[in-house]
Amino acid sequence: MENHFKHECLDSLFVLTMAVVIRLALNGFYFQDYTQSDGVDYHNIAVNIVQGHGYSKDTREPYRPFFFREPAYPLFLAGVYALVDFAGFTPAYLLTAEYDLTAHPEIYWARIAQCMLGALTCLILYLTLRLVLQPRVAFVIALLFSAYLPLAVYTTMLMRETLQTFAVVCMNYFFAKFLLTRKMINLVFFALAWALSNMTLQVTVLIGILSFVFLLYRTRSLRSSVAYIALAAALMFVVISPWLVRSYSFYPDVRIVQSLGVSITPQAAQYSGYLGKLHERGVLPADSVTALRRKWYALSEWEKFEWSFAGRFDSLRAELPKVSFDLYDECAHYLDYFRRGWIESLWFIDVQGGGSRMNLRPHSKYLRAGEYALFGLSLAGFMFGYLAIPGVFLYARRLWPILLMFFYFVPLSIFIADETRRMLPVHGYVFMFSCLACWEIYQRRKKRKMDVSVDVGLISGEAGKNSDPLRHSYSAFWVRK
């Protein structure tokens with residue numbers, strides 16, 4: 001037992017170290033003189049919090065209250081900036097998206113903190129995989145994923161993806177632990193991670209529905225499943241209640257709960273999404289869509305709520321050209337969003353030079369630029385990503401306790417994956433399925449050559465006990481009795 005624990009600690013330390021080294025190396029080369037407009041807002045909000053001006057993105061008085069961004073990531077930055085301020089370096093505003101970030105020590109330390117958080121995410125993924133996979137297999141997958149550059153590069157940016165991925169991976173780990181152990185402490189930590197995720201990017205607000213299904217399948221008890229989810233949801237709402245109270249105090253309407261107190265309401269999101277659909281169908285040019293969205297962004301926070309709940313966004317949408325339902329176009333749209341959210345590369349490329357912007361699907365850029373040699377090389381990552389699909393069919397039934405977030409995000413991708421980064425929180429599980437599919441291919445080829453039965457152990461623990469054994473003797477699964 002002691003030897004087993006020692007190996008687990010050493011493997012964990014190795015995964016953590018590899019992830020830290022890769023992220024620190026990326027920090028030395030990328031985004032030294034650029035941050036996205038979102039990052040400027042996050043930074044300035046954090047500076048205002050540290051300087052006592054409240055949750056506002058304004059760089060001068062009157063420091064108007066701001067509700068357009070979920071608060072968790074700016075608060076994370078503010079925590080780092082407060083330590084830097086305590087050390088004697090006063091955080092300063094960013095006034096433009098093009099800036100010399102090296103002149104801001106608070107940003108340097110925020111990036112270092114994100115490296116640590118990103119590495120911790122890889123460690124928690126490893127611990128999650130160990131719940132259902134043999135330790136050596138979990139170690140190899142987690143170690144390889146620690147070098148997955150499309151996720152690692154986000155630690156170099158003032159963007160919320162690193163924190164969101166951490167929150168989602170924690171949710172998945174603690175929920176799986178609760179399924180397998182029924183220890184209430186794991187349900188509590190799941191609820192806390194759920195609150196953190198919702199206050200970082202509110203795409204996980206409906207995870208309670210799928211969590212209930214998982215619990216019902218596991219416990220076979222409707223009463224227990226309802227009680228567990230009700231408890232988790234209640235704790236989650238208690239944690240986020242200060243933000244909800246702040247939003248309600250600003251705009252006293254209970255409908256603010258629809259968007260968890262954020263001024264990007266469902267009505268506004270539907271209006272913006274419809275503009276995007278008009279552009280995709282060729283009805284509105286990109287300039288017109290940008291102009292209409294900027295008009296929305298320019299509204300005061302009060303007006304954003306008011307336009308939503310008074311029906312103004314619905315009226316604006318009714319004034320736009322009508323788009324008839326076309327099954328082919330709808331399917332093409334959803335397929336495109338699914339592809340954007342899936343793993344299609346193991347690295348990224350600069351598209352403007354100097355580490356200013358990058359593309360997470362480089363094969364598309366190589367093909368358009370006629371760089372066919374690089375395009376051919378990039379197909380290795382493309383094919384690796386889509387090996388996850390047969391991997392899902394082969395292994396999902398046996399791995400289901402750790403797949404809550406995977407089964408939640410993948411259907412959601414057809415709505416949120418207009419940008420690849422929205423799906424980064426579950427790329428670790430896509431990566432896992434690709435690795436397992438590669439292992440299955442290797443075992444099948446080995447069996448053909450040797451013409452003998454191969455029985456290699458991968459799955460262990462309680463999750464294996466509750467699944468039917470696979471039919472083939474050369475399967476990569478072995479259930480520990």
# chains A, B, ... in the order shown; residues from 1 in each chain; ligands from 1
>>> residues_around(residues="stretch 16-27 of chain A", least_positions_apart="2", cutoff="7 Å", atoms="only C-alpha atoms", output="VMD selection string")
chain A and resid 12 to 14 29 to 30 115 to 116 119 to 120 122 to 123 146 to 147 152 to 153 155 to 156
>>> write_last_selection(atoms="C-alpha atoms", output="PDB file, in the first residue's frame")
ATOM      1  CA  SER A  12       1.592  13.150  -9.847  1.00  0.00           C
ATOM      2  CA  LEU A  13       4.748  15.184  -9.316  1.00  0.00           C
ATOM      3  CA  PHE A  14       6.022  14.246 -12.775  1.00  0.00           C
ATOM      4  CA  PHE A  29       7.638  33.584 -25.983  1.00  0.00           C
ATOM      5  CA  TYR A  30       3.972  34.487 -26.438  1.00  0.00           C
ATOM      6  CA  CYS A 115       0.774  28.427 -15.283  1.00  0.00           C
ATOM      7  CA  MET A 116       0.387  26.916 -11.826  1.00  0.00           C
ATOM      8  CA  ALA A 119      -0.566  22.535 -14.278  1.00  0.00           C
ATOM      9  CA  LEU A 120      -2.875  21.773 -11.361  1.00  0.00           C
ATOM     10  CA  CYS A 122      -3.461  18.452 -15.567  1.00  0.00           C
ATOM     11  CA  LEU A 123      -2.835  16.885 -12.162  1.00  0.00           C
ATOM     12  CA  SER A 146       0.158  18.196 -20.164  1.00  0.00           C
ATOM     13  CA  ALA A 147       1.964  18.965 -23.446  1.00  0.00           C
ATOM     14  CA  ALA A 152      -1.331  25.328 -22.492  1.00  0.00           C
ATOM     15  CA  VAL A 153      -0.996  28.523 -24.539  1.00  0.00           C
ATOM     16  CA  THR A 155      -1.981  30.421 -19.619  1.00  0.00           C
ATOM     17  CA  THR A 156      -0.077  33.176 -21.452  1.00  0.00           C
TER      18      THR A 156
END
>>> closest_atom_pairs(of="stretch 240-359 of chain A", to="stretch 428-437 of chain A", cutoff="10 Å", atoms="only C-alpha atoms", output="Markdown table")
| residue | atom | partner | partner_atom | distance |
| --- | --- | --- | --- | --- |
| A:Trp342 | CA | A:Val430 | CA | 7.7 |
| A:Ile343 | CA | A:Val430 | CA | 7.2 |
| A:Leu346 | CA | A:Phe431 | CA | 9.8 |
>>> write_last_selection(atoms="C-alpha atoms", output="JSON list (two decimals), in the first residue's frame")
[["chain", "number", "residue", "atom", "x", "y", "z"],
["A", 342, "TRP", "CA", -13.28, 19.16, -31.32],
["A", 343, "ILE", "CA", -9.56, 18.44, -31.20],
["A", 346, "LEU", "CA", -1.99, 19.23, -31.21]]
>>> select_by_dssp(residues="stretch 97-129 of chain A", states="alpha helix (DSSP H)", output="number ranges by chain")
A: 105-129
>>> residues_around(residues="stretch 85-93 of chain A", least_positions_apart="2", cutoff="12 Å", atoms="only C-alpha atoms", output="MDAnalysis selection string")
chainID A and resid 39:51 56:60 77:83 95:97 99:101 103:110
>>> residues_around(residues="A:Val213", least_positions_apart="2", cutoff="12 Å", atoms="only C-alpha atoms", output="list in words")
Leu179, Ile207, Gly208, Ile209, Leu210, Ser211, Leu215, Leu216, Tyr217, Arg218, Thr219, Arg220, Ser221, Leu222, Ser224, Ser225, Val226, Tyr228, Ile229, Trp400, Pro401, Leu404, Phe407 and Tyr408 of chain A
>>> write_last_selection(atoms="N, CA and C atoms", output="compact mmCIF listing (two decimals), in the first residue's frame")
# COMPACT_ATOMS: atom_id res chain seq x y z
N LEU A 179 -19.84 9.74 -6.99
CA LEU A 179 -20.53 8.58 -7.55
C LEU A 179 -19.95 7.28 -7.01
N ILE A 207 -25.91 21.93 -15.66
CA ILE A 207 -25.28 20.62 -15.46
C ILE A 207 -26.03 19.79 -14.42
N GLY A 208 -26.83 20.43 -13.57
CA GLY A 208 -27.58 19.69 -12.57
C GLY A 208 -28.53 18.67 -13.18
N ILE A 209 -29.04 18.95 -14.38
CA ILE A 209 -29.97 18.02 -15.03
C ILE A 209 -29.25 16.72 -15.37
N LEU A 210 -28.09 16.84 -16.02
CA LEU A 210 -27.35 15.63 -16.39
C LEU A 210 -26.78 14.95 -15.15
N SER A 211 -26.40 15.73 -14.15
CA SER A 211 -25.90 15.15 -12.90
C SER A 211 -26.98 14.27 -12.26
N LEU A 215 -26.70 10.32 -11.34
CA LEU A 215 -26.97 9.84 -9.99
C LEU A 215 -28.09 8.81 -9.97
N LEU A 216 -29.11 9.04 -10.76
CA LEU A 216 -30.23 8.09 -10.81
C LEU A 216 -29.77 6.75 -11.37
N TYR A 217 -28.91 6.79 -12.38
CA TYR A 217 -28.38 5.55 -12.96
C TYR A 217 -27.52 4.81 -11.95
N ARG A 218 -26.78 5.57 -11.15
CA ARG A 218 -25.88 4.97 -10.18
C ARG A 218 -26.61 4.45 -8.94
N THR A 219 -27.52 5.26 -8.40
CA THR A 219 -28.15 4.92 -7.12
C THR A 219 -29.43 4.12 -7.28
N ARG A 220 -30.09 4.24 -8.45
CA ARG A 220 -31.40 3.62 -8.69
C ARG A 220 -32.44 4.13 -7.69
N SER A 221 -32.21 5.32 -7.14
CA SER A 221 -33.12 5.89 -6.15
C SER A 221 -33.48 7.31 -6.57
N LEU A 222 -34.74 7.52 -6.90
CA LEU A 222 -35.19 8.85 -7.31
C LEU A 222 -35.06 9.84 -6.16
N SER A 224 -33.08 9.82 -3.47
CA SER A 224 -31.69 10.16 -3.16
C SER A 224 -31.09 11.07 -4.22
N SER A 225 -31.37 10.78 -5.48
CA SER A 225 -30.82 11.58 -6.57
C SER A 225 -31.31 13.02 -6.50
N VAL A 226 -32.62 13.18 -6.26
CA VAL A 226 -33.18 14.53 -6.15
C VAL A 226 -32.56 15.27 -4.96
N TYR A 228 -29.62 14.79 -3.49
CA TYR A 228 -28.22 15.14 -3.73
C TYR A 228 -28.10 16.37 -4.63
N ILE A 229 -28.85 16.38 -5.72
CA ILE A 229 -28.76 17.50 -6.66
C ILE A 229 -29.32 18.77 -6.04
N TRP A 400 -18.05 5.66 -17.88
CA TRP A 400 -19.11 6.65 -17.68
C TRP A 400 -19.00 7.46 -16.38
N PRO A 401 -18.47 6.93 -15.27
CA PRO A 401 -18.45 7.76 -14.06
C PRO A 401 -17.63 9.05 -14.19
N LEU A 404 -19.19 12.95 -17.01
CA LEU A 404 -20.28 13.91 -16.84
C LEU A 404 -20.08 15.14 -17.71
N PHE A 407 -20.13 14.46 -21.65
CA PHE A 407 -21.46 14.29 -22.23
C PHE A 407 -22.31 15.56 -22.13
N TYR A 408 -21.90 16.48 -21.29
CA TYR A 408 -22.60 17.77 -21.21
C TYR A 408 -22.11 18.72 -22.30
>>> closest_residue(among="A:Leu387, A:Leu424, A:Met157, A:Val262", to="A:Pro65", atoms="only C-alpha atoms")
A:Val262
>>> atom_distance(atom1="atom CA of A:Gln134", atom2="atom CA of A:Leu399")
12.0 Å
>>> residues_around(residues="A:Val238", least_positions_apart="3", cutoff="12 Å", atoms="only C-alpha atoms", output="number ranges by chain")
A: 188, 191-192, 194-196, 231-235, 241-245
>>> write_last_selection(atoms="C-alpha atoms", output="mmCIF file, in the first residue's frame")
data_model
loop_
_atom_site.group_PDB
_atom_site.id
_atom_site.type_symbol
_atom_site.label_atom_id
_atom_site.label_comp_id
_atom_site.auth_asym_id
_atom_site.auth_seq_id
_atom_site.Cartn_x
_atom_site.Cartn_y
_atom_site.Cartn_z
ATOM 1 C CA VAL A 188 -19.697 19.759 -1.446
ATOM 2 C CA ALA A 191 -20.989 22.298 -5.734
ATOM 3 C CA LEU A 192 -18.153 24.748 -5.021
ATOM 4 C CA TRP A 194 -19.939 24.341 -10.037
ATOM 5 C CA ALA A 195 -20.291 27.816 -8.514
ATOM 6 C CA LEU A 196 -16.785 28.751 -9.675
ATOM 7 C CA LEU A 231 -28.247 20.043 -1.964
ATOM 8 C CA ALA A 232 -25.536 20.743 -4.547
ATOM 9 C CA ALA A 233 -27.662 23.361 -6.322
ATOM 10 C CA ALA A 234 -28.545 25.063 -3.033
ATOM 11 C CA LEU A 235 -24.892 25.291 -2.034
ATOM 12 C CA SER A 241 -25.620 34.814 -4.032
ATOM 13 C CA PRO A 242 -23.468 37.919 -3.306
ATOM 14 C CA TRP A 243 -23.171 38.517 -7.045
ATOM 15 C CA LEU A 244 -26.909 37.941 -7.562
ATOM 16 C CA VAL A 245 -27.723 40.372 -4.748
#
